[in-house]
Amino acid sequence: MTNQTHDTGVRRAAVHKLLPGTVARGQNFWVQWLEGSATAHASSGNEMLLLLPDGGATVHSSHAEGIEVHATQVPGRSVCVLPPGAVSVRLAGAGRAALIASSRPDLPPDAACNRADYAVPDARVRPLGADDCYRRRTPSMALQVMEVDAIASPAEKPRLKMFQTDTLSINWVEYQGPRDRRQLSPHLHADFEQGSLAMAGDFVHHLRVHWGGDADQWRADEHLHAPSPSMITVPVLLVHTSEGVGPGRHLLIDVFSPPRHDFIDNGWVANAGDYERHKAA
């Protein structure tokens with residue numbers, strides 16, 4: 001739903017409900033929703049993330065050079081870093097999962113449900129490789145599996161667990177019951193987007209555009225209901241915060257590309273030790 005004004009320069013955002021196989025995107029990332037027993041196929045020139053919030057999956061992968069790797073049984077409640085190349089994923093039972101990548105050359109140009117938002121790229125979004133980049137300290141073509149319940153949350157961010165690849169980082173935000181409305185965290189980003197993927201529970205995304213000098217361009221605040229599964233891509237300069245509402249489990253995944261250097265430098269990202277940082281030439 002691209003619509004920005006000269007005065008604010010802020011795109012509008014929309015919540016997209018996700019059906020099995022649906023792809024939603026940001027300027028630098030793609031998110032594909034997986035559900036049911038059908039085998040999903042994907043490929044990327046960079047590492048991908050497979051998120052398994054409940055049941056497990058069987059993953060077949062092929063190196064970028066075309067070398068076949070044996071099938072790997074991945075447990076539920078895990079985050080899996082997939083090596084560059086082609087993968088196929090078959091969920092166990094009636095599972096649900098998400099596949100996240102910074103590039104998906106296997107997808108047709110019109111694959112994303114929000115493709116119209118990117119007919120004209122936003123020049124303010126920092127492109128991959130424009131700033132610091134990451135690569136594995138020890139190159140490996142094996143799947144890297146991290147069991148979420150074995151990872152401790154940062155003391156400063158007790159609801160969050162953070163993970164990265166060479167080109168992505170995510171926040172795994174999980175809690176029971178509604179979020180305390182007295183402790184929301186409205187903020188904005190100047191040069192990157194944030195994808196917010198609702199995987200369990202109901203949310204409200206609260207959105208605000210700062211006023212510019214032209215009052216005719218002012219917008220009312222928005223409070224968008226986001227059931228699970230759904231996805232919103234928050235554009236540059238849009239003030240946002242997400243509130244889990246109602247009883248039960250809430251799981252929201254924040255997606256960033258390039259990876260969040262600030263979170264990594266603070267020591268909050270669980271697998272940051274697997275990567276080293278390099279300044280782009």
# chains A, B, ... in the order shown; residues from 1 in each chain; ligands from 1
call {"tool": "closest_atom_pairs", "arguments": {"of": "segment 47-158 of chain A", "to": "segment 234-254 of chain A", "cutoff": "9 Å", "atoms": "only C-alpha atoms", "output": "CSV"}}
result
residue,atom,partner,partner_atom,distance
A:Pro53,CA,A:Leu251,CA,8.5
A:Asp122,CA,A:Val236,CA,8.5
A:Arg124,CA,A:Val236,CA,7.4
A:Val125,CA,A:Val236,CA,7.1
call {"tool": "write_last_selection", "arguments": {"atoms": "N, CA, C and O atoms", "output": "PDB file, in the first residue's frame"}}
result
ATOM      1  N   PRO A  53       8.287 -22.719  15.339  1.00  0.00           N
ATOM      2  CA  PRO A  53       7.819 -22.356  16.677  1.00  0.00           C
ATOM      3  C   PRO A  53       7.155 -23.500  17.436  1.00  0.00           C
ATOM      4  O   PRO A  53       7.009 -23.418  18.658  1.00  0.00           O
ATOM      5  N   ASP A 122      12.737   2.569  -1.924  1.00  0.00           N
ATOM      6  CA  ASP A 122      12.964   3.700  -1.027  1.00  0.00           C
ATOM      7  C   ASP A 122      14.476   3.895  -0.909  1.00  0.00           C
ATOM      8  O   ASP A 122      15.187   3.046  -0.366  1.00  0.00           O
ATOM      9  N   ARG A 124      16.177   5.632   0.952  1.00  0.00           N
ATOM     10  CA  ARG A 124      16.705   5.797   2.311  1.00  0.00           C
ATOM     11  C   ARG A 124      17.022   4.468   2.980  1.00  0.00           C
ATOM     12  O   ARG A 124      17.712   4.432   3.995  1.00  0.00           O
ATOM     13  N   VAL A 125      16.493   3.368   2.461  1.00  0.00           N
ATOM     14  CA  VAL A 125      16.756   2.052   3.046  1.00  0.00           C
ATOM     15  C   VAL A 125      18.182   1.639   2.717  1.00  0.00           C
ATOM     16  O   VAL A 125      18.565   1.578   1.546  1.00  0.00           O
TER      17      VAL A 125
END
call {"tool": "residues_around", "arguments": {"residues": "Ala71 of chain A", "least_positions_apart": "3", "cutoff": "9 Å", "atoms": "only C-alpha atoms", "output": "list in words"}}
result
Thr58, Val59, His60 and Ser61 of chain A
call {"tool": "atom_distance", "arguments": {"atom1": "atom CA of Pro84 of chain A", "atom2": "atom CA of Ser44 of chain A"}}
result
5.7 Å
call {"tool": "select_by_dssp", "arguments": {"residues": "segment 52-100 of chain A", "states": "strand (DSSP E or B)", "output": "mmCIF file with C-alpha atoms, in the first residue's frame"}}
result
data_model
loop_
_atom_site.group_PDB
_atom_site.id
_atom_site.type_symbol
_atom_site.label_atom_id
_atom_site.label_comp_id
_atom_site.auth_asym_id
_atom_site.auth_seq_id
_atom_site.Cartn_x
_atom_site.Cartn_y
_atom_site.Cartn_z
ATOM 1 C CA LEU A 52 9.919 -23.651 13.762
ATOM 2 C CA ALA A 57 10.724 -30.473 10.008
ATOM 3 C CA THR A 58 12.828 -32.444 7.559
ATOM 4 C CA VAL A 59 15.229 -30.268 5.577
ATOM 5 C CA HIS A 60 17.109 -31.233 2.403
ATOM 6 C CA SER A 61 19.731 -28.790 1.184
ATOM 7 C CA SER A 62 22.078 -28.445 -1.765
ATOM 8 C CA HIS A 63 25.176 -26.252 -1.721
ATOM 9 C CA GLU A 68 23.568 -32.599 -2.251
ATOM 10 C CA VAL A 69 23.465 -32.730 1.549
ATOM 11 C CA HIS A 70 21.711 -35.487 3.456
ATOM 12 C CA ALA A 71 18.292 -34.844 4.955
ATOM 13 C CA THR A 72 18.359 -33.276 8.412
ATOM 14 C CA GLN A 73 15.678 -33.731 11.042
ATOM 15 C CA VAL A 74 15.220 -30.366 12.739
ATOM 16 C CA SER A 78 14.115 -24.014 16.990
ATOM 17 C CA VAL A 79 15.733 -21.468 14.708
ATOM 18 C CA CYS A 80 17.704 -23.028 11.853
ATOM 19 C CA VAL A 81 20.342 -21.235 9.766
ATOM 20 C CA LEU A 82 20.264 -22.758 6.282
ATOM 21 C CA GLY A 85 21.885 -22.821 -2.055
ATOM 22 C CA ALA A 86 18.629 -24.714 -2.546
ATOM 23 C CA VAL A 87 16.529 -26.222 0.246
ATOM 24 C CA SER A 88 13.328 -28.188 0.594
ATOM 25 C CA VAL A 89 11.352 -28.201 3.818
ATOM 26 C CA ARG A 90 8.675 -30.666 4.875
ATOM 27 C CA LEU A 91 6.959 -29.934 8.165
ATOM 28 C CA ARG A 96 3.622 -24.053 10.896
ATOM 29 C CA ALA A 97 6.888 -22.326 10.063
ATOM 30 C CA ALA A 98 8.452 -19.320 8.353
ATOM 31 C CA LEU A 99 11.310 -19.135 5.875
ATOM 32 C CA ILE A 100 13.209 -15.819 5.806
#
call {"tool": "closest_atom_pairs", "arguments": {"of": "segment 156-195 of chain A", "to": "segment 265-272 of chain A", "cutoff": "9 Å", "atoms": "only C-alpha atoms", "output": "Markdown table"}}
result
| residue | atom | partner | partner_atom | distance |
| --- | --- | --- | --- | --- |
| A:Glu156 | CA | A:Trp268 | CA | 8.7 |
| A:Lys157 | CA | A:Trp268 | CA | 8.3 |
| A:Lys161 | CA | A:Ala270 | CA | 7.2 |
| A:Met162 | CA | A:Val269 | CA | 4.6 |
| A:Phe163 | CA | A:Val269 | CA | 5.2 |
| A:Gln164 | CA | A:Asn271 | CA | 6.6 |
| A:Thr165 | CA | A:Ala272 | CA | 8.5 |
| A:Ser169 | CA | A:Val269 | CA | 8.4 |
| A:Ile170 | CA | A:Val269 | CA | 8.9 |
| A:Asn171 | CA | A:Val269 | CA | 8.7 |
call {"tool": "write_last_selection", "arguments": {"atoms": "all heavy atoms", "output": "tab-separated table (two decimals), in the first residue's frame"}}
result
chain	number	residue	atom	x	y	z
A	156	GLU	N	18.76	-7.13	29.50
A	156	GLU	CA	18.10	-5.86	29.19
A	156	GLU	C	16.83	-6.05	28.36
A	156	GLU	O	16.03	-5.12	28.23
A	156	GLU	CB	19.06	-4.95	28.42
A	156	GLU	CG	20.36	-4.65	29.14
A	156	GLU	CD	21.46	-5.65	28.82
A	156	GLU	OE1	21.14	-6.80	28.40
A	156	GLU	OE2	22.63	-5.28	28.96
A	157	LYS	N	16.66	-7.24	27.76
A	157	LYS	CA	15.53	-7.50	26.87
A	157	LYS	C	14.92	-8.86	27.24
A	157	LYS	O	15.02	-9.83	26.49
A	157	LYS	CB	15.99	-7.52	25.41
A	157	LYS	CG	16.66	-6.24	24.94
A	157	LYS	CD	15.65	-5.17	24.62
A	157	LYS	CE	16.31	-3.95	24.01
A	157	LYS	NZ	15.33	-2.87	23.71
A	161	LYS	N	14.67	-12.97	22.26
A	161	LYS	CA	15.84	-13.77	21.92
A	161	LYS	C	16.21	-13.40	20.48
A	161	LYS	O	15.33	-13.26	19.63
A	161	LYS	CB	15.56	-15.26	22.06
A	161	LYS	CG	15.21	-15.63	23.51
A	161	LYS	CD	14.92	-17.10	23.70
A	161	LYS	CE	14.58	-17.38	25.17
A	161	LYS	NZ	14.35	-18.80	25.45
A	162	MET	N	17.50	-13.20	20.23
A	162	MET	CA	17.94	-12.64	18.96
A	162	MET	C	18.90	-13.59	18.26
A	162	MET	O	19.75	-14.21	18.90
A	162	MET	CB	18.61	-11.28	19.20
A	162	MET	CG	17.73	-10.30	19.95
A	162	MET	SD	18.54	-8.69	20.14
A	162	MET	CE	17.41	-7.92	21.34
A	163	PHE	N	18.78	-13.63	16.93
A	163	PHE	CA	19.58	-14.52	16.10
A	163	PHE	C	19.97	-13.78	14.82
A	163	PHE	O	19.30	-12.83	14.42
A	163	PHE	CB	18.79	-15.78	15.74
A	163	PHE	CG	18.23	-16.51	16.93
A	163	PHE	CD1	16.96	-16.22	17.42
A	163	PHE	CD2	18.97	-17.48	17.59
A	163	PHE	CE1	16.43	-16.88	18.51
A	163	PHE	CE2	18.45	-18.16	18.69
A	163	PHE	CZ	17.18	-17.86	19.15
A	164	GLN	N	21.04	-14.26	14.16
A	164	GLN	CA	21.45	-13.62	12.92
A	164	GLN	C	21.95	-14.65	11.91
A	164	GLN	O	22.22	-15.80	12.24
A	164	GLN	CB	22.56	-12.59	13.17
A	164	GLN	CG	23.93	-13.19	13.42
A	164	GLN	CD	25.04	-12.15	13.34
A	164	GLN	OE1	25.53	-11.71	14.38
A	164	GLN	NE2	25.45	-11.78	12.12
A	165	THR	N	22.04	-14.18	10.65
A	165	THR	CA	22.78	-14.85	9.58
A	165	THR	C	23.79	-13.84	9.05
A	165	THR	O	24.05	-12.81	9.67
A	165	THR	CB	21.85	-15.31	8.44
A	165	THR	OG1	21.39	-14.15	7.73
A	165	THR	CG2	20.65	-16.08	8.97
A	169	SER	N	18.95	-10.37	10.64
A	169	SER	CA	18.82	-10.64	12.07
A	169	SER	C	17.35	-10.61	12.44
A	169	SER	O	16.54	-9.96	11.77
A	169	SER	CB	19.63	-9.67	12.94
A	169	SER	OG	19.18	-8.34	12.82
A	170	ILE	N	17.00	-11.35	13.48
A	170	ILE	CA	15.61	-11.40	13.94
A	170	ILE	C	15.56	-11.26	15.45
A	170	ILE	O	16.51	-11.61	16.17
A	170	ILE	CB	14.89	-12.70	13.53
A	170	ILE	CG1	15.52	-13.93	14.21
A	170	ILE	CG2	14.84	-12.84	12.02
A	170	ILE	CD1	14.67	-15.17	14.14
A	171	ASN	N	14.44	-10.75	15.93
A	171	ASN	CA	14.07	-10.81	17.33
A	171	ASN	C	12.92	-11.79	17.48
A	171	ASN	O	11.89	-11.66	16.80
A	171	ASN	CB	13.60	-9.44	17.85
A	171	ASN	CG	14.65	-8.37	17.73
A	171	ASN	OD1	15.84	-8.66	17.61
A	171	ASN	ND2	14.22	-7.12	17.76
call {"tool": "atom_distance", "arguments": {"atom1": "atom CA of Ser228 of chain A", "atom2": "atom CA of Asp202 of chain A"}}
result
6.1 Å
call {"tool": "closest_residue", "arguments": {"among": "A:Gln176, A:Ser153, A:Gln144, A:Gln27", "to": "Glu193 of chain A", "atoms": "only C-alpha atoms"}}
result
A:Gln27
call {"tool": "closest_residue", "arguments": {"among": "A:Thr39, A:Ser103, A:Gln217, A:Ser196", "to": "His16 of chain A", "atoms": "only C-alpha atoms"}}
result
A:Ser196
call {"tool": "residues_around", "arguments": {"residues": "segment 132-138 of chain A", "least_positions_apart": "3", "cutoff": "12 Å", "atoms": "only C-alpha atoms", "output": "JSON, numbers by chain"}}
result
{"A": [46, 47, 81, 83, 126, 127, 128, 129, 141, 142, 144, 164, 165, 166, 167, 168, 169, 257, 258, 259, 260, 261, 262, 264, 265, 271, 272, 273, 274, 275, 276, 277, 278, 279, 280, 281]}
call {"tool": "write_last_selection", "arguments": {"atoms": "N, CA and C atoms", "output": "CSV table (one decimal), in the first residue's frame"}}
result
chain,number,residue,atom,x,y,z
A,46,ASN,N,22.5,-16.4,-0.2
A,46,ASN,CA,22.9,-16.1,1.2
A,46,ASN,C,22.2,-17.1,2.1
A,47,GLU,N,22.7,-17.1,3.4
A,47,GLU,CA,22.0,-18.0,4.4
A,47,GLU,C,20.6,-17.6,4.5
A,81,VAL,N,19.6,-22.0,10.8
A,81,VAL,CA,20.3,-21.2,9.8
A,81,VAL,C,20.6,-22.2,8.6
A,83,PRO,N,22.3,-23.1,4.9
A,83,PRO,CA,23.4,-22.6,4.1
A,83,PRO,C,22.9,-22.0,2.8
A,126,ARG,N,19.0,1.4,3.7
A,126,ARG,CA,20.4,1.0,3.6
A,126,ARG,C,20.5,-0.3,2.8
A,127,PRO,N,21.1,-0.4,1.7
A,127,PRO,CA,21.2,-1.6,0.9
A,127,PRO,C,22.2,-2.6,1.6
A,128,LEU,N,22.0,-3.9,1.3
A,128,LEU,CA,23.0,-4.9,1.8
A,128,LEU,C,24.4,-4.6,1.2
A,129,GLY,N,25.4,-4.6,2.1
A,129,GLY,CA,26.7,-4.4,1.7
A,129,GLY,C,27.1,-2.9,1.7
A,141,MET,N,28.9,-25.5,5.5
A,141,MET,CA,27.7,-25.8,4.7
A,141,MET,C,26.7,-26.6,5.4
A,142,ALA,N,26.9,-26.8,6.7
A,142,ALA,CA,26.0,-27.6,7.5
A,142,ALA,C,24.9,-26.7,8.0
A,144,GLN,N,22.7,-25.1,10.8
A,144,GLN,CA,23.0,-24.6,12.2
A,144,GLN,C,21.7,-24.6,12.9
A,164,GLN,N,21.0,-14.3,14.2
A,164,GLN,CA,21.5,-13.6,12.9
A,164,GLN,C,21.9,-14.6,11.9
A,165,THR,N,22.0,-14.2,10.6
A,165,THR,CA,22.8,-14.9,9.6
A,165,THR,C,23.8,-13.8,9.1
A,166,ASP,N,24.3,-14.1,7.9
A,166,ASP,CA,25.3,-13.2,7.3
A,166,ASP,C,24.6,-11.9,6.8
A,167,THR,N,23.3,-11.9,6.5
A,167,THR,CA,22.6,-10.8,6.0
A,167,THR,C,21.3,-10.4,6.7
A,168,LEU,N,20.9,-11.2,7.7
A,168,LEU,CA,19.6,-11.0,8.4
A,168,LEU,C,19.9,-11.0,9.9
A,169,SER,N,19.0,-10.4,10.6
A,169,SER,CA,18.8,-10.6,12.1
A,169,SER,C,17.3,-10.6,12.4
A,257,SER,N,17.2,-6.5,7.8
A,257,SER,CA,18.3,-6.8,6.8
A,257,SER,C,18.8,-5.4,6.3
A,258,PRO,N,20.0,-5.1,6.5
A,258,PRO,CA,21.1,-5.9,7.1
A,258,PRO,C,20.9,-6.2,8.5
A,259,PRO,N,21.7,-7.0,9.1
A,259,PRO,CA,21.6,-7.3,10.6
A,259,PRO,C,21.7,-6.1,11.4
A,260,ARG,N,21.1,-6.1,12.6
A,260,ARG,CA,21.1,-5.0,13.5
A,260,ARG,C,22.5,-4.9,14.2
A,261,HIS,N,23.4,-4.0,13.7
A,261,HIS,CA,24.7,-3.9,14.3
A,261,HIS,C,24.7,-3.5,15.8
A,262,ASP,N,23.7,-2.7,16.1
A,262,ASP,CA,23.6,-2.2,17.5
A,262,ASP,C,23.3,-3.4,18.5
A,264,ILE,N,23.9,-6.6,17.9
A,264,ILE,CA,25.1,-7.5,17.9
A,264,ILE,C,26.2,-6.9,18.8
A,265,ASP,N,26.5,-5.6,18.6
A,265,ASP,CA,27.5,-5.0,19.4
A,265,ASP,C,27.2,-5.0,20.9
A,271,ASN,N,23.9,-16.1,18.5
A,271,ASN,CA,24.9,-16.7,17.7
A,271,ASN,C,25.8,-15.8,17.0
A,272,ALA,N,26.0,-14.5,17.5
A,272,ALA,CA,26.9,-13.5,16.9
A,272,ALA,C,28.3,-14.0,16.9
A,273,GLY,N,28.7,-14.9,17.8
A,273,GLY,CA,30.1,-15.4,17.9
A,273,GLY,C,30.4,-16.2,16.7
A,274,ASP,N,29.4,-16.7,15.9
A,274,ASP,CA,29.7,-17.5,14.7
A,274,ASP,C,30.2,-16.6,13.5
A,275,TYR,N,30.0,-15.3,13.7
A,275,TYR,CA,30.3,-14.3,12.6
A,275,TYR,C,31.3,-13.3,12.9
A,276,GLU,N,32.0,-12.8,11.9
A,276,GLU,CA,32.9,-11.7,12.1
A,276,GLU,C,32.4,-10.5,11.2
A,277,ARG,N,32.7,-9.4,11.6
A,277,ARG,CA,32.2,-8.2,10.9
A,277,ARG,C,33.3,-7.6,10.0
A,278,HIS,N,32.9,-7.2,8.8
A,278,HIS,CA,33.9,-6.6,7.9
A,278,HIS,C,33.3,-5.3,7.4
A,279,LYS,N,34.2,-4.3,7.3
A,279,LYS,CA,33.8,-3.0,6.6
A,279,LYS,C,33.7,-3.2,5.1
A,280,ALA,N,32.6,-2.7,4.6
A,280,ALA,CA,32.5,-2.8,3.1
A,280,ALA,C,33.5,-1.9,2.5
A,281,ALA,N,34.0,-2.3,1.3
A,281,ALA,CA,35.1,-1.6,0.6
A,281,ALA,C,34.5,-0.3,0.1
call {"tool": "residues_around", "arguments": {"residues": "Ala92 of chain A", "least_positions_apart": "5", "cutoff": "9 Å", "atoms": "only C-alpha atoms", "output": "list in words"}}
result
Gly36, Ser37, Gly55, Gly56, Ala57, Thr58 and Gly76 of chain A
call {"tool": "atom_distance", "arguments": {"atom1": "atom CA of Glu222 of chain A", "atom2": "atom CA of His206 of chain A"}}
result
5.9 Å
